[in-house]
>>> print(open('entry13.txt').read())   # compact mmCIF, C-alpha atoms and all ligand atoms
# COMPACT_ATOMS: atom_id res chain seq x y z
CA MET A 1 -11.23 -16.99 -6.73
CA ALA A 2 -8.57 -19.47 -5.75
CA PHE A 3 -6.58 -18.56 -2.70
CA VAL A 4 -3.29 -18.92 -4.52
CA ASP A 5 -4.32 -16.60 -7.33
CA SER A 6 -5.69 -13.97 -5.03
CA ALA A 7 -2.61 -14.13 -2.89
CA LYS A 8 -0.43 -13.68 -5.95
CA VAL A 9 -2.42 -10.71 -7.12
CA PHE A 10 -2.31 -9.35 -3.63
CA LEU A 11 1.43 -9.74 -3.36
CA SER A 12 2.02 -8.23 -6.76
CA LYS A 13 0.05 -5.23 -5.60
CA HIS A 14 2.15 -4.87 -2.51
CA LEU A 15 5.68 -4.82 -3.79
CA PRO A 16 7.74 -2.20 -1.99
CA ARG A 17 8.25 -0.20 -5.19
CA ASN A 18 4.52 -0.04 -5.60
CA HIS A 19 4.22 1.15 -2.06
CA LEU A 20 6.45 4.10 -2.63
CA MET A 21 4.55 4.99 -5.74
CA LEU A 22 1.23 4.65 -3.99
CA ALA A 23 2.48 6.63 -1.06
CA SER A 24 3.44 9.58 -3.18
CA THR A 25 0.18 9.42 -5.06
CA LEU A 26 -1.55 9.29 -1.73
CA ALA A 27 0.25 12.29 -0.35
CA LEU A 28 -0.62 14.22 -3.47
CA GLY A 29 -4.17 13.07 -3.80
CA LEU A 30 -5.49 12.67 -0.31
CA ALA A 31 -4.41 16.16 0.52
CA VAL A 32 -7.55 17.02 -1.37
CA LEU A 33 -10.14 16.71 1.33
CA VAL A 34 -12.99 14.29 1.02
CA VAL A 35 -16.05 16.30 0.25
CA LEU A 36 -18.71 14.88 2.45
CA ALA A 37 -22.02 14.17 0.83
CA PRO A 38 -24.59 16.79 1.84
CA GLU A 39 -26.72 14.44 3.90
CA ASP A 40 -23.80 13.79 6.20
CA SER A 41 -23.18 17.31 7.32
CA ALA A 42 -26.43 17.18 9.25
CA HIS A 43 -25.10 14.22 11.17
CA GLY A 44 -21.66 15.68 11.54
CA ALA A 45 -22.13 17.04 15.02
CA ARG A 46 -23.54 13.77 16.26
CA ILE A 47 -20.97 11.43 14.84
CA ASN A 48 -17.92 13.64 15.01
CA LYS A 49 -16.85 12.07 18.24
CA PRO A 50 -13.64 10.15 18.72
CA LEU A 51 -13.73 6.66 20.09
CA PRO A 52 -13.31 6.55 23.84
CA LEU A 53 -9.60 6.05 24.21
CA ASP A 54 -8.00 4.35 27.11
CA PRO A 55 -6.15 7.27 28.71
CA SER A 56 -3.12 5.06 29.15
CA LEU A 57 -2.85 4.81 25.39
CA GLU A 58 -2.81 8.48 24.64
CA ASN A 59 0.85 9.12 25.21
CA ASN A 60 1.76 5.64 24.34
CA VAL A 61 0.84 5.39 20.72
CA SER A 62 4.34 5.22 19.35
CA ALA A 63 5.92 3.61 22.35
CA THR A 64 6.56 0.34 20.58
CA VAL A 65 10.32 0.43 20.38
CA ALA A 66 12.56 -2.54 20.03
CA THR A 67 14.85 -3.56 22.81
CA PRO A 68 18.12 -2.13 21.59
CA GLU A 69 21.01 -4.49 21.22
CA PRO A 70 24.21 -3.43 22.95
CA PRO A 71 25.98 -0.83 20.81
CA GLN A 72 28.83 -2.17 18.73
CA THR A 73 31.74 -0.32 20.22
CA THR A 74 34.21 -3.15 20.12
CA ASP A 75 35.71 -2.15 16.79
CA THR A 76 38.83 -0.30 17.88
CA GLU A 77 39.59 0.47 14.28
CA SER A 78 36.29 2.28 13.73
CA ALA A 79 38.24 5.50 13.24
CA PHE A 80 39.48 4.11 9.93
CA TRP A 81 36.01 3.59 8.55
CA THR A 82 34.38 6.16 6.28
CA GLN A 83 30.69 5.81 5.54
CA MET A 84 28.99 7.29 2.53
CA LYS A 85 25.39 7.21 1.42
CA VAL A 86 24.85 7.13 -2.33
CA GLU A 87 22.84 10.08 -3.55
CA SER A 88 21.41 10.61 -6.99
CA GLY A 89 24.12 11.87 -9.30
CA ASP A 90 26.91 10.24 -7.31
CA ASN A 91 29.41 8.09 -9.15
CA LEU A 92 31.83 5.50 -7.93
CA SER A 93 35.10 7.13 -8.95
CA ALA A 94 34.13 10.41 -7.28
CA MET A 95 33.37 8.50 -4.09
CA PHE A 96 36.73 6.75 -4.23
CA THR A 97 38.44 10.10 -4.77
CA LYS A 98 36.67 11.54 -1.72
CA VAL A 99 38.23 8.94 0.56
CA GLY A 100 41.69 9.35 -0.95
CA LEU A 101 41.69 6.33 -3.24
CA ASP A 102 42.48 6.36 -6.95
CA ALA A 103 41.15 4.72 -10.09
CA GLN A 104 43.54 1.81 -9.72
CA ASP A 105 42.11 1.01 -6.30
CA MET A 106 38.62 1.18 -7.73
CA TYR A 107 39.32 -1.17 -10.63
CA LYS A 108 41.00 -3.63 -8.31
CA VAL A 109 37.75 -4.03 -6.39
CA LEU A 110 35.60 -3.88 -9.51
CA ASN A 111 37.55 -6.66 -11.22
CA SER A 112 37.83 -8.85 -8.16
CA THR A 113 34.60 -10.82 -8.24
CA GLU A 114 31.31 -11.03 -10.09
CA GLU A 115 29.55 -9.60 -7.05
CA ALA A 116 31.60 -6.41 -7.43
CA GLN A 117 29.33 -5.51 -10.34
CA VAL A 118 27.01 -4.14 -7.67
CA LEU A 119 29.36 -1.15 -7.66
CA ASN A 120 28.58 -0.48 -11.31
CA LYS A 121 24.90 -0.19 -10.49
CA LEU A 122 24.74 2.06 -7.47
CA TYR A 123 21.31 3.35 -6.50
CA PRO A 124 20.49 6.26 -4.20
CA GLY A 125 20.24 4.97 -0.66
CA TYR A 126 23.00 2.39 -0.98
CA GLN A 127 25.62 2.74 1.69
CA LEU A 128 29.34 2.36 1.12
CA SER A 129 31.78 1.94 4.00
CA PHE A 130 35.49 2.18 3.30
CA HIS A 131 37.99 0.72 5.73
CA ILE A 132 41.31 2.49 5.13
CA PRO A 133 43.72 1.68 7.99
CA GLU A 134 46.56 3.51 6.21
CA PRO A 135 46.32 6.10 3.47
CA GLY A 136 45.76 4.56 0.04
CA THR A 137 45.02 1.06 1.33
CA LEU A 138 41.45 -0.14 1.05
CA ALA A 139 41.38 -3.06 3.46
CA GLN A 140 37.62 -3.54 3.29
CA LEU A 141 34.66 -2.16 1.41
CA LYS A 142 31.12 -2.74 2.65
CA VAL A 143 28.30 -2.17 0.18
CA LEU A 144 24.82 -2.19 1.70
CA LYS A 145 21.89 -2.19 -0.72
CA SER A 146 19.64 -2.01 2.32
CA PRO A 147 20.37 -2.32 6.02
CA LEU A 148 19.73 -6.05 5.60
CA ASP A 149 21.44 -6.89 2.36
CA GLY A 150 24.83 -6.31 0.80
CA TYR A 151 28.44 -7.44 0.37
CA VAL A 152 31.76 -6.96 2.06
CA PHE A 153 34.95 -7.02 -0.02
CA THR A 154 38.11 -7.79 1.95
CA LEU A 155 41.70 -7.35 0.78
CA ASN A 156 43.46 -10.68 0.85
CA ASN A 157 46.84 -11.29 -0.80
CA ASP A 158 46.53 -8.30 -3.10
CA ASN A 159 43.05 -9.34 -4.24
CA TYR A 160 39.57 -8.87 -2.85
CA VAL A 161 37.39 -11.69 -1.61
CA VAL A 162 33.69 -11.21 -1.21
CA GLU A 163 31.21 -12.27 1.43
CA PRO A 164 27.49 -11.57 1.34
CA ILE A 165 25.83 -9.65 4.14
CA LYS A 166 22.39 -10.97 5.05
CA ARG A 167 20.68 -9.73 8.16
CA THR A 168 17.22 -10.18 9.59
CA ALA A 169 15.29 -7.30 11.06
CA GLU A 170 13.59 -7.54 14.40
CA VAL A 171 9.87 -7.17 13.83
CA VAL A 172 7.78 -5.39 16.44
CA PRO A 173 4.02 -4.92 16.15
CA ALA A 174 2.67 -1.39 16.38
CA PHE A 175 -0.95 -0.58 17.14
CA LYS A 176 -2.51 2.68 15.97
CA GLU A 177 -6.04 3.98 15.71
CA GLY A 178 -7.62 6.96 14.09
CA VAL A 179 -10.90 8.79 13.57
CA ILE A 180 -11.93 10.47 10.34
CA ASN A 181 -12.83 14.13 10.72
CA ASP A 182 -11.82 15.34 7.30
CA SER A 183 -9.99 12.74 5.24
CA LEU A 184 -8.45 9.32 5.69
CA PHE A 185 -5.05 10.79 4.99
CA MET A 186 -5.36 13.47 7.67
CA ALA A 187 -6.70 10.95 10.16
CA GLY A 188 -3.66 8.78 9.48
CA GLN A 189 -1.33 11.71 9.97
CA ARG A 190 -2.95 12.66 13.27
CA ALA A 191 -2.56 9.09 14.51
CA ASP A 192 1.06 9.03 13.36
CA ILE A 193 0.41 6.18 10.94
CA PRO A 194 2.76 5.91 7.96
CA ALA A 195 1.05 6.97 4.73
CA VAL A 196 2.12 3.66 3.18
CA SER A 197 0.20 1.74 5.83
CA ILE A 198 -2.91 3.88 5.32
CA MET A 199 -2.73 3.15 1.61
CA GLU A 200 -2.23 -0.54 2.30
CA MET A 201 -5.26 -0.51 4.58
CA ALA A 202 -7.30 1.17 1.84
CA ASP A 203 -6.09 -1.58 -0.51
CA ILE A 204 -7.04 -4.34 1.90
CA PHE A 205 -10.58 -2.97 2.28
CA GLY A 206 -10.80 -1.95 -1.40
CA GLY A 207 -13.31 -4.70 -2.14
CA VAL A 208 -15.75 -3.73 0.61
CA ILE A 209 -15.35 0.03 1.04
CA ASP A 210 -15.32 2.72 -1.63
CA PHE A 211 -12.81 5.08 -0.04
CA ILE A 212 -14.11 7.89 -2.19
CA LEU A 213 -17.82 7.60 -1.54
CA ASP A 214 -18.14 5.75 1.75
CA PRO A 215 -16.03 7.45 4.45
CA ARG A 216 -17.97 9.65 6.83
CA GLN A 217 -17.02 11.97 9.62
CA GLY A 218 -16.66 9.84 12.74
CA ASP A 219 -15.60 6.67 10.94
CA SER A 220 -12.83 5.00 12.90
CA PHE A 221 -10.12 2.52 12.20
CA SER A 222 -7.30 0.69 13.89
CA ILE A 223 -4.36 -1.16 12.48
CA LEU A 224 -1.73 -3.48 13.80
CA TYR A 225 1.35 -3.41 11.61
CA GLU A 226 4.98 -4.38 11.73
CA GLU A 227 7.81 -2.03 12.49
CA LYS A 228 11.28 -3.25 11.63
CA TYR A 229 14.35 -2.66 13.71
CA LEU A 230 17.99 -3.49 13.25
CA ASP A 231 20.34 -3.15 16.21
CA GLY A 232 17.61 -1.23 17.99
CA GLU A 233 17.28 1.28 15.20
CA PHE A 234 14.04 1.74 13.27
CA ILE A 235 14.59 0.82 9.62
CA GLY A 236 11.09 0.73 8.17
CA ASN A 237 7.53 -0.51 8.28
CA GLY A 238 6.39 -3.98 7.38
CA ASP A 239 3.03 -5.48 6.58
CA ILE A 240 -0.30 -4.90 8.23
CA ILE A 241 -1.09 -7.79 10.58
CA ALA A 242 -4.70 -6.86 11.22
CA ALA A 243 -6.96 -3.93 10.46
CA GLN A 244 -10.40 -2.74 11.44
CA PHE A 245 -12.46 -0.05 9.74
CA THR A 246 -15.82 1.08 11.05
CA ASN A 247 -17.69 2.76 8.22
CA GLN A 248 -21.03 4.40 9.00
CA GLY A 249 -21.41 2.10 11.99
CA LYS A 250 -20.55 -1.10 10.12
CA GLN A 251 -17.33 -2.77 11.19
CA TYR A 252 -14.98 -4.48 8.72
CA ILE A 253 -12.15 -6.63 10.02
CA ALA A 254 -9.21 -8.09 8.15
CA VAL A 255 -6.38 -10.28 9.33
CA ARG A 256 -3.29 -11.42 7.49
CA TYR A 257 -2.97 -15.15 7.12
CA GLU A 258 -0.23 -17.26 5.59
CA ASN A 259 -1.48 -20.65 4.51
CA GLU A 260 0.45 -23.89 4.65
CA ALA A 261 1.78 -23.31 1.15
CA GLY A 262 3.17 -19.96 2.25
CA ASP A 263 0.67 -17.80 0.36
CA VAL A 264 -0.33 -14.64 2.17
CA GLY A 265 -3.69 -12.94 2.03
CA TYR A 266 -6.15 -10.92 4.12
CA PHE A 267 -9.36 -12.45 5.42
CA ASN A 268 -12.24 -11.54 7.65
CA PRO A 269 -12.58 -13.52 10.89
CA GLU A 270 -14.84 -16.05 9.13
CA GLY A 271 -12.12 -16.84 6.59
CA GLU A 272 -13.65 -14.94 3.69
CA SER A 273 -11.03 -13.30 1.48
CA MET A 274 -10.89 -9.50 1.54
CA GLN A 275 -10.02 -9.62 -2.14
CA LYS A 276 -13.31 -9.35 -4.03
CA ALA A 277 -14.20 -9.80 -7.69
CA PHE A 278 -14.66 -6.01 -7.95
CA LEU A 279 -12.92 -3.04 -6.40
CA ARG A 280 -15.43 -0.62 -4.92
CA THR A 281 -13.83 2.38 -6.60
CA PRO A 282 -11.98 2.78 -9.90
CA LEU A 283 -9.77 5.56 -8.47
CA ASP A 284 -7.02 5.71 -5.90
CA VAL A 285 -7.19 9.39 -5.35
CA PHE A 286 -10.29 11.35 -5.05
CA ARG A 287 -12.84 14.00 -4.62
CA ILE A 288 -16.39 13.07 -5.39
CA SER A 289 -18.70 15.36 -7.30
CA SER A 290 -21.91 13.40 -7.30
CA ASN A 291 -23.28 10.18 -6.01
CA PHE A 292 -25.13 7.67 -8.12
CA ASN A 293 -28.49 9.28 -8.72
CA LEU A 294 -30.91 8.57 -11.54
CA ASN A 295 -32.59 11.94 -11.07
CA ARG A 296 -29.63 14.25 -10.93
CA LYS A 297 -29.36 17.26 -13.12
CA HIS A 298 -26.66 16.68 -15.70
CA PRO A 299 -24.31 19.66 -15.66
CA ILE A 300 -23.83 19.65 -19.41
CA LEU A 301 -27.24 18.86 -20.81
CA ASN A 302 -28.73 20.86 -17.98
CA THR A 303 -31.79 18.68 -18.02
CA ILE A 304 -32.98 15.93 -15.76
CA ARG A 305 -31.91 12.69 -17.34
CA ALA A 306 -30.98 9.25 -16.19
CA HIS A 307 -27.40 9.59 -15.20
CA LYS A 308 -26.33 6.05 -15.76
CA GLY A 309 -23.20 6.07 -13.73
CA THR A 310 -21.07 7.52 -10.99
CA ASP A 311 -19.03 10.69 -11.52
CA TYR A 312 -15.78 10.89 -9.64
CA ALA A 313 -14.29 14.36 -9.86
CA ALA A 314 -10.53 14.05 -9.73
CA PRO A 315 -7.52 15.93 -11.00
CA ARG A 316 -6.62 15.39 -14.65
CA GLY A 317 -4.15 12.53 -14.96
CA THR A 318 -5.36 10.61 -11.90
CA PRO A 319 -4.87 6.91 -12.67
CA VAL A 320 -8.05 4.94 -13.36
CA ARG A 321 -8.01 1.26 -12.39
CA ALA A 322 -9.90 -1.70 -13.77
CA THR A 323 -12.25 -2.68 -10.97
CA ALA A 324 -12.05 -6.38 -11.93
CA ASP A 325 -10.20 -8.77 -14.22
CA GLY A 326 -11.51 -8.76 -17.77
CA VAL A 327 -11.02 -8.07 -21.46
CA VAL A 328 -11.05 -4.60 -23.04
CA THR A 329 -13.84 -4.47 -25.62
CA TRP A 330 -13.51 -0.75 -26.45
CA ALA A 331 -10.64 1.73 -26.10
CA ALA A 332 -11.32 4.69 -28.38
CA ARG A 333 -13.33 7.89 -28.64
CA ASN A 334 -17.07 7.45 -28.44
CA GLY A 335 -19.19 10.61 -28.85
CA SER A 336 -20.01 12.39 -25.62
CA PHE A 337 -18.13 9.72 -23.62
CA GLY A 338 -14.90 11.12 -25.08
CA LYS A 339 -12.06 8.68 -24.72
CA LEU A 340 -13.78 5.58 -23.40
CA VAL A 341 -12.62 2.20 -22.12
CA VAL A 342 -15.10 -0.66 -21.79
CA ILE A 343 -14.17 -3.89 -20.01
CA GLN A 344 -16.08 -7.16 -20.23
CA HIS A 345 -15.79 -9.19 -17.04
CA ASN A 346 -16.71 -12.72 -16.16
CA GLY A 347 -20.18 -13.54 -17.29
CA GLN A 348 -22.68 -10.75 -17.27
CA PHE A 349 -20.65 -7.81 -15.95
CA GLU A 350 -19.32 -4.85 -17.94
CA THR A 351 -17.67 -1.64 -16.72
CA LYS A 352 -17.17 1.63 -18.62
CA TYR A 353 -14.72 4.42 -17.93
CA ALA A 354 -15.39 7.69 -19.79
CA HIS A 355 -13.95 11.18 -20.45
CA LEU A 356 -10.40 9.83 -20.13
CA ASN A 357 -7.46 12.06 -20.87
CA ASP A 358 -5.49 9.09 -22.09
CA TYR A 359 -5.43 5.29 -22.10
CA GLY A 360 -3.23 3.14 -19.88
CA GLN A 361 -0.12 1.56 -21.30
CA GLY A 362 -0.98 -1.26 -23.71
CA ILE A 363 -4.73 -0.75 -23.31
CA LYS A 364 -6.51 -1.45 -26.58
CA LYS A 365 -9.38 -3.56 -27.81
CA GLY A 366 -8.67 -7.18 -26.90
CA SER A 367 -6.23 -6.46 -24.04
CA ARG A 368 -6.62 -8.62 -20.97
CA VAL A 369 -6.56 -6.57 -17.78
CA LYS A 370 -6.10 -7.43 -14.14
CA GLN A 371 -8.00 -5.95 -11.25
CA GLY A 372 -6.30 -2.72 -10.18
CA GLN A 373 -4.41 -2.33 -13.45
CA VAL A 374 -4.26 1.26 -14.69
CA ILE A 375 -6.43 1.39 -17.81
CA GLY A 376 -6.50 5.16 -18.30
CA PHE A 377 -6.19 8.60 -16.78
CA VAL A 378 -8.84 11.07 -15.69
CA GLY A 379 -9.60 13.76 -18.23
CA THR A 380 -12.41 15.83 -19.63
CA THR A 381 -12.79 14.53 -23.19
CA GLY A 382 -16.23 14.37 -24.83
CA GLY A 383 -19.23 16.03 -23.21
CA SER A 384 -17.64 17.05 -19.96
CA THR A 385 -17.12 20.43 -18.28
CA GLY A 386 -14.25 19.47 -16.02
CA PRO A 387 -11.88 16.60 -15.26
CA HIS A 388 -13.81 13.66 -13.87
CA LEU A 389 -14.29 9.95 -14.35
CA HIS A 390 -17.69 8.75 -15.45
CA TYR A 391 -17.95 5.12 -14.34
CA GLU A 392 -20.71 2.75 -15.42
CA PHE A 393 -21.51 -0.70 -14.11
CA VAL A 394 -23.62 -2.84 -16.41
CA VAL A 395 -25.19 -6.18 -15.54
CA ASN A 396 -26.73 -8.18 -18.37
CA GLY A 397 -26.88 -5.02 -20.47
CA VAL A 398 -28.68 -3.03 -17.76
CA HIS A 399 -27.07 -0.12 -15.88
CA LYS A 400 -26.92 -0.76 -12.16
CA ASP A 401 -25.67 1.00 -9.08
CA PRO A 402 -22.50 -1.04 -8.44
CA ARG A 403 -22.84 -0.42 -4.71
CA THR A 404 -26.18 -2.19 -4.56
CA VAL A 405 -25.12 -5.03 -6.86
CA LEU A 406 -21.88 -5.72 -5.02
CA ASP A 407 -23.64 -5.66 -1.65
CA GLN A 408 -25.97 -8.37 -2.93
CA MET A 409 -23.27 -10.67 -4.29
CA PRO A 410 -23.04 -14.01 -2.52
CA LYS A 411 -20.29 -14.28 0.05
CA ALA A 412 -17.36 -16.40 -0.98
CA ILE A 413 -15.72 -18.46 1.73
CA SER A 414 -12.08 -18.43 0.74
CA ILE A 415 -10.30 -20.57 3.29
CA GLU A 416 -10.60 -24.22 2.35
CA PRO A 417 -12.72 -26.09 4.91
CA SER A 418 -9.78 -28.40 5.55
CA GLU A 419 -7.64 -25.43 6.52
CA MET A 420 -10.24 -23.59 8.56
CA GLN A 421 -9.07 -25.04 11.84
CA ARG A 422 -5.51 -23.87 11.21
CA PHE A 423 -6.80 -20.44 10.18
CA LYS A 424 -8.88 -20.09 13.33
CA ALA A 425 -6.08 -21.31 15.54
CA GLN A 426 -3.70 -18.71 14.14
CA THR A 427 -6.02 -15.74 13.97
CA ARG A 428 -8.68 -16.01 16.66
CA ASP A 429 -6.53 -15.09 19.61
CA LEU A 430 -4.78 -12.35 17.74
CA LEU A 431 -8.06 -10.85 16.56
CA THR A 432 -9.61 -10.98 20.02
CA ARG A 433 -6.73 -9.04 21.45
CA PHE A 434 -6.59 -6.67 18.50
CA LEU A 435 -10.24 -5.80 18.75
CA ASN A 436 -10.39 -5.52 22.53
CA HIS A 437 -7.08 -4.09 23.48
CA HIS A 438 -6.26 -0.52 24.24
CA ASP A 439 -2.82 -1.24 25.49
CA ASP A 440 0.24 -1.66 23.33
CA SER A 441 2.08 -3.79 25.81
CA ARG A 442 -0.34 -6.66 25.38
CA LEU A 443 0.12 -6.65 21.65
CA LEU A 444 3.84 -6.91 22.00
CA SER A 445 3.33 -10.46 23.12
CA LEU A 446 0.92 -11.34 20.32
CA SER A 447 3.38 -13.59 18.59
CA GLY A 448 4.43 -15.14 21.84
CA THR A 449 2.69 -17.56 24.14
CA SER A 450 -1.01 -17.65 24.69
CA ASP A 451 -0.84 -17.66 28.47
CA GLN A 452 -1.37 -13.91 28.59
CA LYS A 453 -4.96 -13.11 29.40
CA LEU A 454 -6.75 -10.07 28.14
ZN ZN A 501 -21.25 11.13 -15.65
>>> encode(input="entry13.txt", output="structure tokens")
Amino acid sequence: MAFVDSAKVFLSKHLPRNHLMLASTLALGLAVLVVLAPEDSAHGARINKPLPLDPSLENNVSATVATPEPPQTTDTESAFWTQMKVESGDNLSAMFTKVGLDAQDMYKVLNSTEEAQVLNKLYPGYQLSFHIPEPGTLAQLKVLKSPLDGYVFTLNNDNYVVEPIKRTAEVVPAFKEGVINDSLFMAGQRADIPAVSIMEMADIFGGVIDFILDPRQGDSFSILYEEKYLDGEFIGNGDIIAAQFTNQGKQYIAVRYENEAGDVGYFNPEGESMQKAFLRTPLDVFRISSNFNLNRKHPILNTIRAHKGTDYAAPRGTPVRATADGVVTWAARNGSFGKLVVIQHNGQFETKYAHLNDYGQGIKKGSRVKQGQVIGFVGTTGGSTGPHLHYEFVVNGVHKDPRTVLDQMPKAISIEPSEMQRFKAQTRDLLTRFLNHHDDSRLLSLSGTSDQKL
């Protein structure tokens, strides 16, 4: 897959709005504990052992704070400012009334400039600051859509002039690590990692790890991500810079890289893209009922039969994602499959998603779908005793265990050979420190000079 395309797909998957959505899904779904496969419980005692932590790190995990800028106390008129945060249900005229201004004052601002239309589309979280040096006189109105972006309207000769507010956050790297005892979500919580970053990590490794089937007690991970500060105050989390997940003893490493054209993606240290042709799991949220097993007893037929797929037990309504780009060749009821979606992928691959409660928006025969696109929702239609997704992976008309097939796929080197030197130069040092360090202070200088030795 071309770097540009994969970067685009990646970016489209990581819009902030998506994050919030994913985060809430995560909170809901990951609260359901991962049910460990039976063979693992025997190993539990052996592998349920946290990584040896550098003792200096223990109380230091969230010690990455920005150097605060001097507080802005120079505004002697600050007493005349009134700040208000927009909450859902708020309206502009009520807010004006609250600060002692009337409808006339409001319309004067609203009609002043085109930018004032922002006031007609207030969203929860916006911040309005009124500067009223004498009762009934609105000298200035600041409208912040975010701490970094907004407008200030200033009274000037009985009219308002507008100036944009554009600020840049200070970005500070934060290093966190966790060990899985119960679920990825709980491990993230224990390590004080934002749920959004855990979800983003699961996304980054989505092509190499099935976060439903693969995690085991004792798996460990570490991430280096951005925290954003403005005037010394934390305002939010940014992207993951690097991540490491050790699954059943096998270590996966990903590092963010922006190429010369400005496209951003995640790669392993050899320059291979983390974005694969197939996602390892069709679900975001999970609880597994059975592994792929040709000899399992089917709960409905109650006979031994070839179970040609993987069953993912999950709450009804859980979104089901296309594991790869393709074309929908079936989206209708089909006997014991119930509501079924079949996707034809490049060449010889086909995936099937059965027992759906419903189809994704716009999903019908002939629809083109993108990897990760929601193509349906978990249900229990057809021959099924409870909500679950029955997922089949077909190669050249033959049912295969996707795990085995995907493991055997040839590795794609995704960084162009001509750019490899640039990639290595930008990532090697960072990765060395990331993988070896147990001290936040060293990472703080990651973006700085290279004279700091490990
Ligand atoms: Zn099944």
>>> closest_atom_pairs(input="entry13.txt", of="chain A", to="ligand ZN 501 (chain A)", cutoff="6 Å", atoms="all atoms listed in the file", output="CSV")
residue,atom,partner,partner_atom,distance
A:Gly309,CA,A:ZN501,ZN,5.8
A:Thr310,CA,A:ZN501,ZN,5.9
A:Asp311,CA,A:ZN501,ZN,4.7
A:His390,CA,A:ZN501,ZN,4.3
>>> atom_distance(input="entry13.txt", atom1="CA of Ser273 in chain A", atom2="CA of Ile223 in chain A")
17.7 Å
>>> closest_residue(input="entry13.txt", among="A:Val172, A:Ala242, A:Ala94, A:Leu141", to="Leu430 in chain A", atoms="only C-alpha atoms")
A:Ala242
>>> atom_distance(input="entry13.txt", atom1="CA of Ala314 in chain A", atom2="CA of Asp182 in chain A")
17.1 Å
>>> residues_around(input="entry13.txt", residues="Val342 in chain A", least_positions_apart="5", cutoff="6 Å", atoms="all atoms listed in the file", output="ChimeraX atom specification")
/A:328-330,351-352
>>> atom_distance(input="entry13.txt", atom1="CA of Gly236 in chain A", atom2="CA of Ile180 in chain A")
25.1 Å
>>> closest_residue(input="entry13.txt", among="A:Thr432, A:Gln344, A:Ser367, A:Gln408", to="Gln244 in chain A", atoms="all atoms listed in the file")
A:Thr432
>>> residues_around(input="entry13.txt", residues="Phe211 in chain A", least_positions_apart="6", cutoff="8 Å", atoms="all atoms listed in the file", output="MDAnalysis selection string")
chainID A and resid 202 280:281
>>> residues_around(input="entry13.txt", residues="Ser222 in chain A", least_positions_apart="6", cutoff="8 Å", atoms="only C-alpha atoms", output="list in words")
Phe175, Lys176, Glu177, Gly178, Ala243, Gln244 and Phe245 of chain A
>>> residues_around(input="entry13.txt", residues="range 259-271 of chain A", least_positions_apart="4", cutoff="6 Å", atoms="all atoms listed in the file", output="PyMOL selection string")
chain A and resi 7+253-255+415
>>> closest_residue(input="entry13.txt", among="A:Asp214, A:Glu272, A:Ala116, A:Pro194", to="Ser414 in chain A", atoms="all atoms listed in the file")
A:Glu272
>>> closest_residue(input="entry13.txt", among="A:Lys308, A:Gly238, A:Gln251, A:Trp81", to="Lys400 in chain A", atoms="only C-alpha atoms")
A:Lys308
>>> residues_around(input="entry13.txt", residues="range 143-148 of chain A", least_positions_apart="2", cutoff="8 Å", atoms="all atoms listed in the file", output="PDB file with C-alpha atoms, keeping the file's coordinate frame")
ATOM      1  CA  LEU A 119      29.360  -1.150  -7.660  1.00  0.00           C
ATOM      2  CA  GLY A 125      20.240   4.970  -0.660  1.00  0.00           C
ATOM      3  CA  TYR A 126      23.000   2.390  -0.980  1.00  0.00           C
ATOM      4  CA  GLN A 127      25.620   2.740   1.690  1.00  0.00           C
ATOM      5  CA  LEU A 128      29.340   2.360   1.120  1.00  0.00           C
ATOM      6  CA  SER A 129      31.780   1.940   4.000  1.00  0.00           C
ATOM      7  CA  LEU A 141      34.660  -2.160   1.410  1.00  0.00           C
ATOM      8  CA  GLY A 150      24.830  -6.310   0.800  1.00  0.00           C
ATOM      9  CA  TYR A 151      28.440  -7.440   0.370  1.00  0.00           C
ATOM     10  CA  VAL A 152      31.760  -6.960   2.060  1.00  0.00           C
ATOM     11  CA  ILE A 165      25.830  -9.650   4.140  1.00  0.00           C
ATOM     12  CA  LYS A 166      22.390 -10.970   5.050  1.00  0.00           C
ATOM     13  CA  ARG A 167      20.680  -9.730   8.160  1.00  0.00           C
ATOM     14  CA  THR A 168      17.220 -10.180   9.590  1.00  0.00           C
ATOM     15  CA  ALA A 169      15.290  -7.300  11.060  1.00  0.00           C
ATOM     16  CA  LEU A 230      17.990  -3.490  13.250  1.00  0.00           C
ATOM     17  CA  ILE A 235      14.590   0.820   9.620  1.00  0.00           C
TER      18      ILE A 235
END
>>> residues_near_point(input="entry13.txt", point="(-25.6, -1.6, -4.7)", cutoff="12 Å", atoms="only C-alpha atoms", output="list in words")
Val208, Ile209, Asp210, Arg280, Phe292, Asn293, Thr310, Phe393, Val394, Val395, His399, Lys400, Asp401, Pro402, Arg403, Thr404, Val405, Leu406, Asp407, Gln408 and Met409 of chain A
>>> residues_near_point(input="entry13.txt", point="(46.7, -7.0, -0.4)", cutoff="12 Å", atoms="all atoms listed in the file", output="mmCIF file with C-alpha atoms, keeping the file's coordinate frame")
data_model
loop_
_atom_site.group_PDB
_atom_site.id
_atom_site.type_symbol
_atom_site.label_atom_id
_atom_site.label_comp_id
_atom_site.auth_asym_id
_atom_site.auth_seq_id
_atom_site.Cartn_x
_atom_site.Cartn_y
_atom_site.Cartn_z
ATOM 1 C CA ASP A 105 42.110 1.010 -6.300
ATOM 2 C CA LYS A 108 41.000 -3.630 -8.310
ATOM 3 C CA VAL A 109 37.750 -4.030 -6.390
ATOM 4 C CA SER A 112 37.830 -8.850 -8.160
ATOM 5 C CA GLY A 136 45.760 4.560 0.040
ATOM 6 C CA THR A 137 45.020 1.060 1.330
ATOM 7 C CA LEU A 138 41.450 -0.140 1.050
ATOM 8 C CA ALA A 139 41.380 -3.060 3.460
ATOM 9 C CA GLN A 140 37.620 -3.540 3.290
ATOM 10 C CA PHE A 153 34.950 -7.020 -0.020
ATOM 11 C CA THR A 154 38.110 -7.790 1.950
ATOM 12 C CA LEU A 155 41.700 -7.350 0.780
ATOM 13 C CA ASN A 156 43.460 -10.680 0.850
ATOM 14 C CA ASN A 157 46.840 -11.290 -0.800
ATOM 15 C CA ASP A 158 46.530 -8.300 -3.100
ATOM 16 C CA ASN A 159 43.050 -9.340 -4.240
ATOM 17 C CA TYR A 160 39.570 -8.870 -2.850
ATOM 18 C CA VAL A 161 37.390 -11.690 -1.610
#
